[in-house]
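Enquirer: Contents of run11.tsv (TSV, C-alpha atoms and all ligand atoms) are below:
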chain	number	residue	atom	x	y	z
A	1	MET	CA	11.10	13.36	-7.90
A	2	ARG	CA	8.04	11.77	-6.39
A	3	LEU	CA	7.82	11.38	-2.65
A	4	LYS	CA	7.44	7.80	-1.56
A	5	THR	CA	4.44	7.17	0.65
A	6	TRP	CA	5.02	7.08	4.39
A	7	ARG	CA	3.96	3.44	4.33
A	8	THR	CA	6.96	2.69	2.13
A	9	VAL	CA	9.40	5.02	3.88
A	10	LEU	CA	8.46	3.67	7.31
A	11	GLU	CA	8.54	0.08	5.98
A	12	LEU	CA	5.07	-0.61	7.40
A	13	ASN	CA	4.46	-3.47	4.98
A	14	ASP	CA	7.85	-5.02	5.49
A	15	ARG	CA	7.61	-7.78	8.08
A	16	LYS	CA	11.37	-8.03	8.25
A	17	SER	CA	11.80	-4.31	8.86
A	18	LYS	CA	14.14	-3.54	11.72
A	19	LEU	CA	12.55	-0.14	12.35
A	20	THR	CA	10.82	0.28	15.72
A	21	ASP	CA	7.89	2.66	16.09
A	22	THR	CA	10.23	5.09	17.86
A	23	ASP	CA	12.57	4.98	14.83
A	24	ARG	CA	9.62	5.65	12.55
A	25	ILE	CA	8.45	8.69	14.49
A	26	LYS	CA	12.05	9.92	14.53
A	27	LYS	CA	12.22	9.62	10.72
A	28	ILE	CA	9.08	11.76	10.38
A	29	THR	CA	10.43	14.28	12.87
A	30	GLU	CA	13.70	14.60	10.94
A	31	PHE	CA	11.71	15.20	7.78
A	32	ILE	CA	9.66	17.95	9.46
A	33	GLU	CA	12.83	19.61	10.77
A	34	ASP	CA	14.22	19.65	7.24
A	35	LEU	CA	10.95	20.86	5.71
A	36	SER	CA	10.57	23.67	8.23
A	37	SER	CA	13.94	25.11	7.24
A	38	LYS	CA	12.83	25.63	3.64
A	39	LYS	CA	10.27	27.63	1.75
A	40	CYS	CA	7.16	25.69	0.80
A	41	TYR	CA	7.34	24.25	-2.65
A	42	ILE	CA	5.15	22.68	-5.30
A	43	LYS	CA	8.25	20.71	-6.22
A	44	PRO	CA	11.73	21.31	-4.75
A	45	SER	CA	12.76	23.38	-7.78
A	46	LYS	CA	9.59	25.49	-7.63
A	47	GLU	CA	9.57	27.35	-4.31
A	48	LYS	CA	6.63	29.48	-3.20
A	49	GLU	CA	6.52	32.71	-1.27
A	50	CYS	CA	5.40	30.82	1.81
A	51	SER	CA	7.14	29.25	4.75
A	52	CYS	CA	4.24	28.27	6.92
A	53	LEU	CA	6.14	25.53	8.77
A	54	SER	CA	9.07	27.75	9.76
A	55	SER	CA	7.93	28.21	13.36
A	56	LEU	CA	8.39	24.46	13.87
A	57	HIS	CA	12.10	24.67	13.18
A	58	GLY	CA	14.03	23.39	16.18
A	59	ASP	CA	10.83	22.76	18.19
A	60	VAL	CA	11.18	19.04	18.91
A	61	ALA	CA	8.07	18.85	21.11
A	62	ALA	CA	5.85	20.31	18.38
A	63	GLN	CA	7.48	18.19	15.68
A	64	ASN	CA	6.89	15.04	17.74
A	65	ALA	CA	3.21	15.90	18.18
A	66	ILE	CA	2.88	16.14	14.39
A	67	SER	CA	4.96	13.02	13.76
A	68	SER	CA	2.78	10.94	16.10
A	69	TYR	CA	-0.28	11.99	14.15
A	70	ILE	CA	1.32	11.32	10.74
A	71	PHE	CA	2.47	7.91	11.97
A	72	TYR	CA	-1.08	7.10	13.09
A	73	TRP	CA	-2.44	8.22	9.72
A	74	ALA	CA	0.20	6.28	7.76
A	75	GLN	CA	-1.04	3.02	9.28
A	76	LYS	CA	-4.55	3.50	7.90
A	77	THR	CA	-5.67	1.95	4.61
A	78	PRO	CA	-5.24	4.17	1.53
A	79	PHE	CA	-9.02	4.71	1.43
A	80	GLU	CA	-9.16	5.74	5.10
A	81	GLN	CA	-6.22	8.05	4.52
A	82	GLN	CA	-8.05	9.71	1.66
A	83	MET	CA	-11.19	10.06	3.78
A	84	VAL	CA	-9.22	11.87	6.49
A	85	LEU	CA	-7.85	14.31	3.93
A	86	MET	CA	-11.30	14.72	2.35
A	87	GLU	CA	-12.63	15.81	5.76
A	88	LYS	CA	-10.01	18.54	5.90
A	89	ILE	CA	-10.83	19.62	2.34
A	90	ASN	CA	-14.56	19.63	3.11
A	91	GLY	CA	-13.92	21.97	6.03
A	92	VAL	CA	-12.14	24.44	3.77
A	93	LEU	CA	-14.81	24.16	1.05
A	94	LEU	CA	-17.43	25.02	3.66
A	95	ALA	CA	-15.41	28.05	4.65
A	96	GLU	CA	-15.28	29.03	0.95
A	97	GLN	CA	-19.06	28.81	0.77
A	98	LEU	CA	-19.55	30.91	3.88
A	99	THR	CA	-17.03	33.60	2.98
A	100	LYS	CA	-17.66	33.44	-0.78
A	101	LYS	CA	-13.91	33.53	-1.31
A	102	LYS	CA	-11.60	31.14	-3.10
A	103	ILE	CA	-9.41	29.66	-0.42
A	104	ILE	CA	-8.24	26.24	-1.49
A	105	SER	CA	-7.16	27.36	-4.95
A	106	SER	CA	-6.39	30.93	-4.02
A	107	ARG	CA	-4.47	32.87	-6.65
A	108	GLN	CA	-3.01	35.38	-4.19
A	109	LYS	CA	0.76	35.57	-4.04
A	110	GLY	CA	2.08	32.65	-2.01
A	111	GLY	CA	-1.39	31.09	-1.90
A	112	SER	CA	-3.57	30.65	1.14
A	113	ARG	CA	-2.96	28.79	4.38
A	114	PRO	CA	-6.30	27.11	4.99
A	115	PHE	CA	-5.26	23.96	6.89
A	116	VAL	CA	-4.53	23.51	10.56
A	117	VAL	CA	-1.28	21.59	10.99
A	118	PRO	CA	-2.16	17.95	11.88
A	119	TYR	CA	-1.02	16.87	15.36
A	120	PHE	CA	-1.88	14.90	18.47
A	121	GLY	CA	-2.39	16.98	21.60
A	122	THR	CA	0.61	16.88	23.93
A	123	ASN	CA	-1.03	18.08	27.18
A	124	VAL	CA	1.67	20.73	27.32
A	125	GLU	CA	-0.30	23.95	27.12
A	126	GLU	CA	2.39	25.98	25.44
A	127	THR	CA	2.99	23.39	22.67
A	128	ASP	CA	-0.70	22.72	22.05
A	129	LYS	CA	-1.46	26.44	21.87
A	130	LYS	CA	1.30	26.96	19.37
A	131	LEU	CA	0.28	24.00	17.19
A	132	ASN	CA	-3.32	25.10	17.26
A	133	SER	CA	-2.36	28.43	15.78
A	134	ILE	CA	-0.27	27.11	12.88
A	135	PHE	CA	-2.12	27.28	9.60
A	136	ILE	CA	-0.44	25.77	6.56
A	137	CYS	CA	-0.72	25.83	2.77
A	138	ARG	CA	-1.84	22.85	0.70
A	139	GLU	CA	1.73	22.20	-0.49
A	140	SER	CA	2.96	21.82	3.08
A	141	LEU	CA	0.00	19.66	3.93
A	142	CYS	CA	0.80	17.36	0.99
A	143	ALA	CA	4.49	17.30	1.93
A	144	LEU	CA	3.72	16.39	5.55
A	145	TYR	CA	1.50	13.52	4.47
A	146	HIS	CA	3.78	12.56	1.57
A	147	PHE	CA	0.66	12.88	-0.54
A	148	GLY	CA	1.10	13.83	-4.21
A	149	GLY	CA	-0.20	17.18	-5.45
A	150	CYS	CA	-2.14	15.59	-8.31
A	151	LYS	CA	-3.73	13.04	-5.99
A	152	PHE	CA	-4.70	15.89	-3.68
A	153	ALA	CA	-6.27	17.85	-6.55
A	154	HIS	CA	-8.20	14.68	-7.39
A	155	LEU	CA	-9.58	14.60	-3.83
A	156	VAL	CA	-10.55	18.27	-4.07
A	157	ARG	CA	-12.53	17.52	-7.23
A	158	HIS	CA	-14.33	14.67	-5.48
A	159	ALA	CA	-15.04	16.82	-2.43
A	160	LYS	CA	-16.56	19.50	-4.65
A	161	LYS	CA	-18.77	16.94	-6.40
A	162	LYS	CA	-19.55	15.24	-3.06
A	163	THR	CA	-18.38	11.89	-4.45
A	164	LYS	CA	-16.00	9.34	-3.00
A	165	PRO	CA	-12.63	8.55	-4.57
A	166	VAL	CA	-13.38	4.88	-5.22
A	167	HIS	CA	-11.11	3.23	-7.74
A	168	GLY	CA	-13.04	2.41	-10.93
A	169	ASN	CA	-11.86	-1.19	-10.99
A	170	VAL	CA	-12.99	-2.15	-7.50
A	171	GLY	CA	-15.07	-5.32	-7.72
A	172	LYS	CA	-14.35	-5.78	-11.41
A	173	MET	CA	-12.33	-8.73	-12.64
A	174	ASN	CA	-9.67	-8.24	-15.24
A	175	VAL	CA	-9.59	-10.42	-18.38
A	176	ILE	CA	-6.81	-12.75	-17.21
A	177	THR	CA	-8.49	-13.36	-13.83
A	178	ARG	CA	-11.86	-14.03	-15.44
A	179	ASN	CA	-10.32	-16.33	-18.02
A	180	HIS	CA	-8.52	-18.19	-15.23
A	181	ARG	CA	-11.65	-18.47	-13.05
A	182	GLU	CA	-13.83	-19.73	-15.88
A	183	ASN	CA	-11.45	-21.98	-17.76
A	184	VAL	CA	-8.65	-23.10	-15.49
A	185	VAL	CA	-10.14	-23.31	-11.98
A	186	PRO	CA	-12.69	-26.08	-12.77
A	187	LEU	CA	-9.94	-28.18	-14.36
A	188	LEU	CA	-7.66	-27.47	-11.43
A	189	GLN	CA	-10.29	-28.66	-8.95
A	190	ASP	CA	-10.59	-31.91	-10.86
A	191	PHE	CA	-6.83	-32.24	-11.10
A	192	PHE	CA	-6.47	-31.58	-7.38
A	193	ARG	CA	-8.94	-34.35	-6.47
A	194	LYS	CA	-7.59	-36.94	-8.88
A	195	ALA	CA	-3.88	-36.20	-9.08
A	196	VAL	CA	-2.73	-34.22	-6.05
A	197	LEU	CA	-4.82	-35.61	-3.18
A	198	PRO	CA	-3.67	-39.23	-3.68
A	199	TYR	CA	-0.14	-38.11	-2.91
A	200	SER	CA	-1.08	-36.03	0.12
A	201	GLY	CA	0.08	-36.89	3.58
A	202	PRO	CA	3.16	-36.13	5.59
A	203	ARG	CA	5.35	-38.78	3.91
A	204	PRO	CA	3.72	-40.11	0.76
A	205	THR	CA	5.07	-43.54	-0.04
A	206	LEU	CA	4.80	-45.90	-2.92
A	207	PHE	CA	2.21	-47.79	-0.89
A	208	THR	CA	0.02	-44.65	-0.68
A	209	HIS	CA	0.50	-44.07	-4.36
A	210	ASN	CA	-0.47	-47.66	-5.22
A	211	PHE	CA	-3.40	-47.62	-2.83
A	212	PHE	CA	-4.97	-44.48	-4.29
A	213	THR	CA	-4.17	-45.08	-7.93
A	214	LYS	CA	-5.12	-48.78	-7.62
A	215	SER	CA	-1.90	-49.73	-9.33
A	216	VAL	CA	0.71	-52.19	-8.20
A	217	GLU	CA	4.05	-50.61	-8.62
A	218	ILE	CA	6.85	-52.67	-7.20
A	219	THR	CA	9.08	-51.17	-4.56
A	220	PRO	CA	12.39	-50.30	-6.17
A	221	SER	CA	15.22	-52.72	-5.38
A	222	ASP	CA	17.08	-50.06	-3.44
A	223	GLY	CA	14.14	-50.05	-1.02
A	224	ILE	CA	13.39	-46.33	-1.42
A	225	GLN	CA	9.77	-45.80	-0.43
A	226	GLU	CA	9.50	-42.07	-1.06
A	227	LEU	CA	7.94	-40.70	-4.16
A	228	ASP	CA	10.47	-39.36	-6.58
A	229	PRO	CA	10.79	-35.63	-7.26
A	230	ARG	CA	8.42	-35.72	-10.20
A	231	TYR	CA	5.60	-35.96	-7.67
A	232	THR	CA	6.26	-32.58	-6.05
A	233	LYS	CA	3.30	-30.19	-6.10
A	234	SER	CA	4.94	-27.80	-8.52
A	235	ARG	CA	5.98	-30.64	-10.84
A	236	LEU	CA	2.47	-32.06	-10.78
A	237	TYR	CA	1.10	-28.63	-11.55
A	238	ALA	CA	3.52	-28.22	-14.42
A	239	SER	CA	2.54	-31.59	-15.89
A	240	PHE	CA	-1.12	-30.64	-15.51
A	241	ALA	CA	-0.48	-27.48	-17.54
A	242	TRP	CA	1.63	-29.38	-20.05
A	243	ASP	CA	-1.11	-31.98	-20.55
A	244	HIS	CA	-3.51	-29.19	-21.47
A	245	GLY	CA	-1.10	-27.80	-24.01
A	246	TRP	CA	-0.40	-24.63	-22.06
A	247	LEU	CA	2.75	-22.68	-21.77
A	248	VAL	CA	4.94	-24.01	-18.97
A	249	LYS	CA	7.78	-21.85	-17.83
A	250	TYR	CA	10.30	-22.54	-15.10
A	251	ASP	CA	10.97	-19.52	-12.95
A	252	PRO	CA	14.50	-19.79	-11.54
A	253	LYS	CA	13.78	-16.95	-9.09
A	254	SER	CA	11.01	-18.71	-7.22
A	255	GLN	CA	12.34	-22.11	-8.30
A	256	GLY	CA	8.88	-23.07	-9.40
A	257	TRP	CA	6.73	-23.38	-12.46
A	258	ASP	CA	4.89	-20.28	-13.62
A	259	ASN	CA	1.12	-20.34	-13.71
A	260	PRO	CA	-0.03	-21.54	-17.07
A	261	LEU	CA	-1.75	-18.95	-19.19
A	262	LEU	CA	-4.22	-20.10	-21.73
A	263	SER	CA	-2.34	-20.11	-24.98
B	1	ZN	ZN	3.34	27.10	3.02
Starting from the file, give its structure as structure tokens.
Ligand SMILES: [Zn+2]
Expert:
Amino acid sequence: MRLKTWRTVLELNDRKSKLTDTDRIKKITEFIEDLSSKKCYIKPSKEKECSCLSSLHGDVAAQNAISSYIFYWAQKTPFEQQMVLMEKINGVLLAEQLTKKKIISSRQKGGSRPFVVPYFGTNVEETDKKLNSIFICRESLCALYHFGGCKFAHLVRHAKKKTKPVHGNVGKMNVITRNHRENVVPLLQDFFRKAVLPYSGPRPTLFTHNFFTKSVEITPSDGIQELDPRYTKSRLYASFAWDHGWLVKYDPKSQGWDNPLLS
């Protein structure tokens, strides 16, 4: 089972979310309480001989200090989040260089505990002192951040090569987008000027229509001055696509016409 990112769990992208920031920190705290009662694991079925978070069990003040930090981190962009983790990895790699020992991928039983637990200082001496002395394994670090083990290994590789984990597709256009930009957008601009703009305005009437299209359509006998439904934006767009011989599909979910793809 893959852990969902904190962004998803805390509903940070959901504008309609009813969670307050206090609720969000509470959610993280509850997770830490649960995690601290177990042995560290690579996955829940594969426990390790390590329980580096156990001293946090029942310590609400310490858990809150960690939760506040995780909440702050969760609000960063994915790239910033990775950079924060890379900094931590770089610190450990430097220690490896200085001590000439394998720390981050240690093979000793239970593994190593190279990371300081992440937290925001509380100004309570006792709590800060305790947090400052808690060193954790990479599995616990990943669990706290809800960061996948494979993704973490990927960051370690980048840190070793001194490269940045930039997605290979950044700045590149995929085939459909390029096709759309080159072939559809110019036609759409033309269509917008000639077909859509004449109908623009808060209440387009037959008069507006006649004025812009230089036609003389007679007002219907029932006196209705509004344009009929075939002049809605989505209908116009659909007829534009249809005129070019493209696939036109009605999407009942969005109650609109799907973008035409070049057929
Ligand atoms: Zn551990």
Enquirer: With distances taken over only C-alpha atoms and all ligand atoms, which residue among A:Met83, A:Ala95, A:Val116, A:Ala62 lies nearest ligand ZN 1 (chain B)?
Expert: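 Of the candidates, the smallest distance to ligand ZN 1 (chain B) is held by A:Val116.
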Enquirer: Tell me, counting all atoms listed in the file, for each residue of chain A within 6 Å of ligand ZN 1 (chain B), which pair of atoms is nearest and how far apart they are in Å to one decimal, in rows ordered by chain and increasing number, as CSV.
Expert:
residue,atom,partner,partner_atom,distance
A:Cys40,CA,B:ZN1,ZN,4.6
A:Cys50,CA,B:ZN1,ZN,4.4
A:Ser51,CA,B:ZN1,ZN,4.7
A:Cys52,CA,B:ZN1,ZN,4.2
A:Ile136,CA,B:ZN1,ZN,5.3
A:Cys137,CA,B:ZN1,ZN,4.3
A:Ser140,CA,B:ZN1,ZN,5.3
Enquirer: Quick one: everything within 12 Å of segment 76-78 of chain A, counting only C-alpha atoms, minus sequence neighbours fewer than 3 positions away in the same chain. Send it as an MDAnalysis selection string.
Expert: chainID A and resid 5:7 12:13 69:73 81:85 145 147 151 165:167
Enquirer: Work out how far apart atom CA of Ser36 of chain A and atom CA of Gly91 of chain A are and give it in Å to one decimal.
Expert: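 Atom CA of Ser36 of chain A sits 24.6 Å away from atom CA of Gly91 of chain A.
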Enquirer: Could you check how far atom CA of Phe212 of chain A sits from atom CA of Arg235 of chain A, in Å to one decimal?
Expert: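 Distance between the two atoms: 18.8 Å.
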Enquirer: To one decimal in Å, tell me the separation between atom CA of Lys194 of chain A and atom CA of Ala238 of chain A.
Expert: 15.2 Å
Enquirer: So that I can check the surroundings of Gly121 of chain A, please list as a list in words every protein, DNA and RNA residue that reaches within 12 Å of it, counting all atoms listed in the file and ignoring chain neighbours fewer than 3 positions away.
Expert: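 With the cut-off at 12 Å, the set is Ala61, Ala62, Gln63, Asn64, Ala65, Ile66, Ser67, Ser68, Tyr69, Val117, Pro118, Val124, Glu125, Glu126, Thr127, Asp128, Lys129, Lys130, Leu131 and Asn132 of chain A.
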Enquirer: List the spatial neighbours of Leu187 of chain A as a PyMOL selection string - criterion: any atom at most 12 Å away, all atoms listed in the file, same-chain residues fewer than 6 positions off excluded.
Expert: chain A and resi 180-181+193-195+237+240-241+243-244
Enquirer: Nearest to Ser37 of chain A among A:Leu56, A:Ala159, A:Ile103, A:Val175, with distances taken over only C-alpha atoms: which residue is it?
Expert: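 Counting only C-alpha atoms, the residue closest to Ser37 of chain A is A:Leu56.
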Enquirer: With distances taken over all atoms listed in the file, which residue among A:Glu139, A:Asp23, A:Tyr119, A:Lys162 lies nearest Pro44 of chain A?
Expert: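 Looking at the shortest contact to Pro44 of chain A, the residue is A:Glu139.
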Enquirer: Hey, which of A:Glu33, A:Glu80, A:Asp190, A:Glu182 ends up closest to Ser55 of chain A? Count all atoms listed in the file.
Expert: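 Smallest separation from Ser55 of chain A among the options: A:Glu33.
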Enquirer: Considering only C-alpha atoms, can you say which of A:Lys172, A:Glu96, A:Val9, A:Lys88 comes closest to Ile28 of chain A?
Expert: A:Val9
Enquirer: What are the centre and the three edge lengths of an axis-aligned box that wraps all atoms of segment 31-35 of chain A in the file, given that 5 Å is added to every side, written as lines of an AutoDock Vina configuration file and rounded to one decimal in Å?
Expert:
center_x = 11.9
center_y = 18.0
center_z = 8.2
size_x = 14.6
size_y = 15.7
size_z = 15.1
Enquirer: I'd like to know which of A:Arg15, A:Lys48, A:Lys43, A:Val60 is closest to Glu30 of chain A, using all atoms listed in the file.
Expert: A:Val60
Enquirer: If I only have part of segment 53-82 of chain A, can you fill in N, CA and C atoms and write it as a PDB file, keeping the file's coordinate frame?
Expert:
ATOM      1  N   LEU A  53       5.702  26.483   7.745  1.00  0.00           N
ATOM      2  CA  LEU A  53       6.140  25.530   8.770  1.00  0.00           C
ATOM      3  C   LEU A  53       7.363  26.049   9.539  1.00  0.00           C
ATOM      4  N   SER A  54       7.798  27.270   9.213  1.00  0.00           N
ATOM      5  CA  SER A  54       9.070  27.750   9.760  1.00  0.00           C
ATOM      6  C   SER A  54       9.090  27.818  11.294  1.00  0.00           C
ATOM      7  N   SER A  55       7.919  28.076  11.895  1.00  0.00           N
ATOM      8  CA  SER A  55       7.930  28.210  13.360  1.00  0.00           C
ATOM      9  C   SER A  55       8.178  26.874  14.058  1.00  0.00           C
ATOM     10  N   LEU A  56       8.147  25.788  13.274  1.00  0.00           N
ATOM     11  CA  LEU A  56       8.390  24.460  13.870  1.00  0.00           C
ATOM     12  C   LEU A  56       9.881  24.156  13.953  1.00  0.00           C
ATOM     13  N   HIS A  57      10.668  24.964  13.257  1.00  0.00           N
ATOM     14  CA  HIS A  57      12.100  24.670  13.180  1.00  0.00           C
ATOM     15  C   HIS A  57      12.735  24.644  14.583  1.00  0.00           C
ATOM     16  N   GLY A  58      13.345  23.517  14.888  1.00  0.00           N
ATOM     17  CA  GLY A  58      14.030  23.390  16.180  1.00  0.00           C
ATOM     18  C   GLY A  58      13.097  23.065  17.344  1.00  0.00           C
ATOM     19  N   ASP A  59      11.793  23.034  17.112  1.00  0.00           N
ATOM     20  CA  ASP A  59      10.830  22.760  18.190  1.00  0.00           C
ATOM     21  C   ASP A  59      10.499  21.255  18.207  1.00  0.00           C
ATOM     22  N   VAL A  60      11.312  20.506  18.928  1.00  0.00           N
ATOM     23  CA  VAL A  60      11.180  19.040  18.910  1.00  0.00           C
ATOM     24  C   VAL A  60       9.822  18.588  19.450  1.00  0.00           C
ATOM     25  N   ALA A  61       9.353  19.259  20.499  1.00  0.00           N
ATOM     26  CA  ALA A  61       8.070  18.850  21.110  1.00  0.00           C
ATOM     27  C   ALA A  61       6.941  18.971  20.091  1.00  0.00           C
ATOM     28  N   ALA A  62       6.908  20.090  19.374  1.00  0.00           N
ATOM     29  CA  ALA A  62       5.850  20.310  18.380  1.00  0.00           C
ATOM     30  C   ALA A  62       6.010  19.330  17.221  1.00  0.00           C
ATOM     31  N   GLN A  63       7.235  19.128  16.802  1.00  0.00           N
ATOM     32  CA  GLN A  63       7.480  18.190  15.680  1.00  0.00           C
ATOM     33  C   GLN A  63       7.033  16.779  16.055  1.00  0.00           C
ATOM     34  N   ASN A  64       7.300  16.384  17.305  1.00  0.00           N
ATOM     35  CA  ASN A  64       6.890  15.040  17.740  1.00  0.00           C
ATOM     36  C   ASN A  64       5.370  14.882  17.753  1.00  0.00           C
ATOM     37  N   ALA A  65       4.678  15.949  18.145  1.00  0.00           N
ATOM     38  CA  ALA A  65       3.210  15.900  18.180  1.00  0.00           C
ATOM     39  C   ALA A  65       2.661  15.684  16.765  1.00  0.00           C
ATOM     40  N   ILE A  66       3.307  16.308  15.786  1.00  0.00           N
ATOM     41  CA  ILE A  66       2.880  16.140  14.390  1.00  0.00           C
ATOM     42  C   ILE A  66       3.261  14.746  13.887  1.00  0.00           C
ATOM     43  N   SER A  67       4.480  14.333  14.203  1.00  0.00           N
ATOM     44  CA  SER A  67       4.960  13.020  13.760  1.00  0.00           C
ATOM     45  C   SER A  67       4.061  11.900  14.262  1.00  0.00           C
ATOM     46  N   SER A  68       3.639  11.989  15.529  1.00  0.00           N
ATOM     47  CA  SER A  68       2.780  10.940  16.100  1.00  0.00           C
ATOM     48  C   SER A  68       1.502  10.828  15.290  1.00  0.00           C
ATOM     49  N   TYR A  69       0.960  12.002  14.912  1.00  0.00           N
ATOM     50  CA  TYR A  69      -0.280  11.990  14.150  1.00  0.00           C
ATOM     51  C   TYR A  69      -0.050  11.389  12.749  1.00  0.00           C
ATOM     52  N   ILE A  70       1.027  11.820  12.089  1.00  0.00           N
ATOM     53  CA  ILE A  70       1.320  11.320  10.740  1.00  0.00           C
ATOM     54  C   ILE A  70       1.549   9.804  10.783  1.00  0.00           C
ATOM     55  N   PHE A  71       2.210   9.344  11.830  1.00  0.00           N
ATOM     56  CA  PHE A  71       2.470   7.910  11.970  1.00  0.00           C
ATOM     57  C   PHE A  71       1.149   7.140  12.116  1.00  0.00           C
ATOM     58  N   TYR A  72       0.248   7.713  12.906  1.00  0.00           N
ATOM     59  CA  TYR A  72      -1.080   7.100  13.090  1.00  0.00           C
ATOM     60  C   TYR A  72      -1.823   7.038  11.753  1.00  0.00           C
ATOM     61  N   TRP A  73      -1.755   8.139  11.020  1.00  0.00           N
ATOM     62  CA  TRP A  73      -2.440   8.220   9.720  1.00  0.00           C
ATOM     63  C   TRP A  73      -1.832   7.247   8.706  1.00  0.00           C
ATOM     64  N   ALA A  74      -0.500   7.120   8.747  1.00  0.00           N
ATOM     65  CA  ALA A  74       0.200   6.280   7.760  1.00  0.00           C
ATOM     66  C   ALA A  74      -0.201   4.814   7.887  1.00  0.00           C
ATOM     67  N   GLN A  75      -0.681   4.426   9.076  1.00  0.00           N
ATOM     68  CA  GLN A  75      -1.040   3.020   9.280  1.00  0.00           C
ATOM     69  C   GLN A  75      -2.459   2.698   8.812  1.00  0.00           C
ATOM     70  N   LYS A  76      -3.194   3.730   8.399  1.00  0.00           N
ATOM     71  CA  LYS A  76      -4.550   3.500   7.900  1.00  0.00           C
ATOM     72  C   LYS A  76      -4.502   2.959   6.476  1.00  0.00           C
ATOM     73  N   THR A  77      -5.625   2.411   6.004  1.00  0.00           N
ATOM     74  CA  THR A  77      -5.670   1.950   4.610  1.00  0.00           C
ATOM     75  C   THR A  77      -5.676   3.182   3.697  1.00  0.00           C
ATOM     76  N   PRO A  78      -5.246   3.020   2.435  1.00  0.00           N
ATOM     77  CA  PRO A  78      -5.240   4.170   1.530  1.00  0.00           C
ATOM     78  C   PRO A  78      -6.602   4.873   1.474  1.00  0.00           C
ATOM     79  N   PHE A  79      -7.688   4.096   1.502  1.00  0.00           N
ATOM     80  CA  PHE A  79      -9.020   4.710   1.430  1.00  0.00           C
ATOM     81  C   PHE A  79      -9.297   5.542   2.690  1.00  0.00           C
ATOM     82  N   GLU A  80      -8.952   4.985   3.842  1.00  0.00           N
ATOM     83  CA  GLU A  80      -9.160   5.740   5.100  1.00  0.00           C
ATOM     84  C   GLU A  80      -8.308   7.011   5.104  1.00  0.00           C
ATOM     85  N   GLN A  81      -7.096   6.876   4.586  1.00  0.00           N
ATOM     86  CA  GLN A  81      -6.220   8.050   4.520  1.00  0.00           C
ATOM     87  C   GLN A  81      -6.861   9.149   3.686  1.00  0.00           C
ATOM     88  N   GLN A  82      -7.412   8.731   2.538  1.00  0.00           N
ATOM     89  CA  GLN A  82      -8.050   9.710   1.660  1.00  0.00           C
ATOM     90  C   GLN A  82      -9.253  10.351   2.337  1.00  0.00           C
TER      91      GLN A  82
END
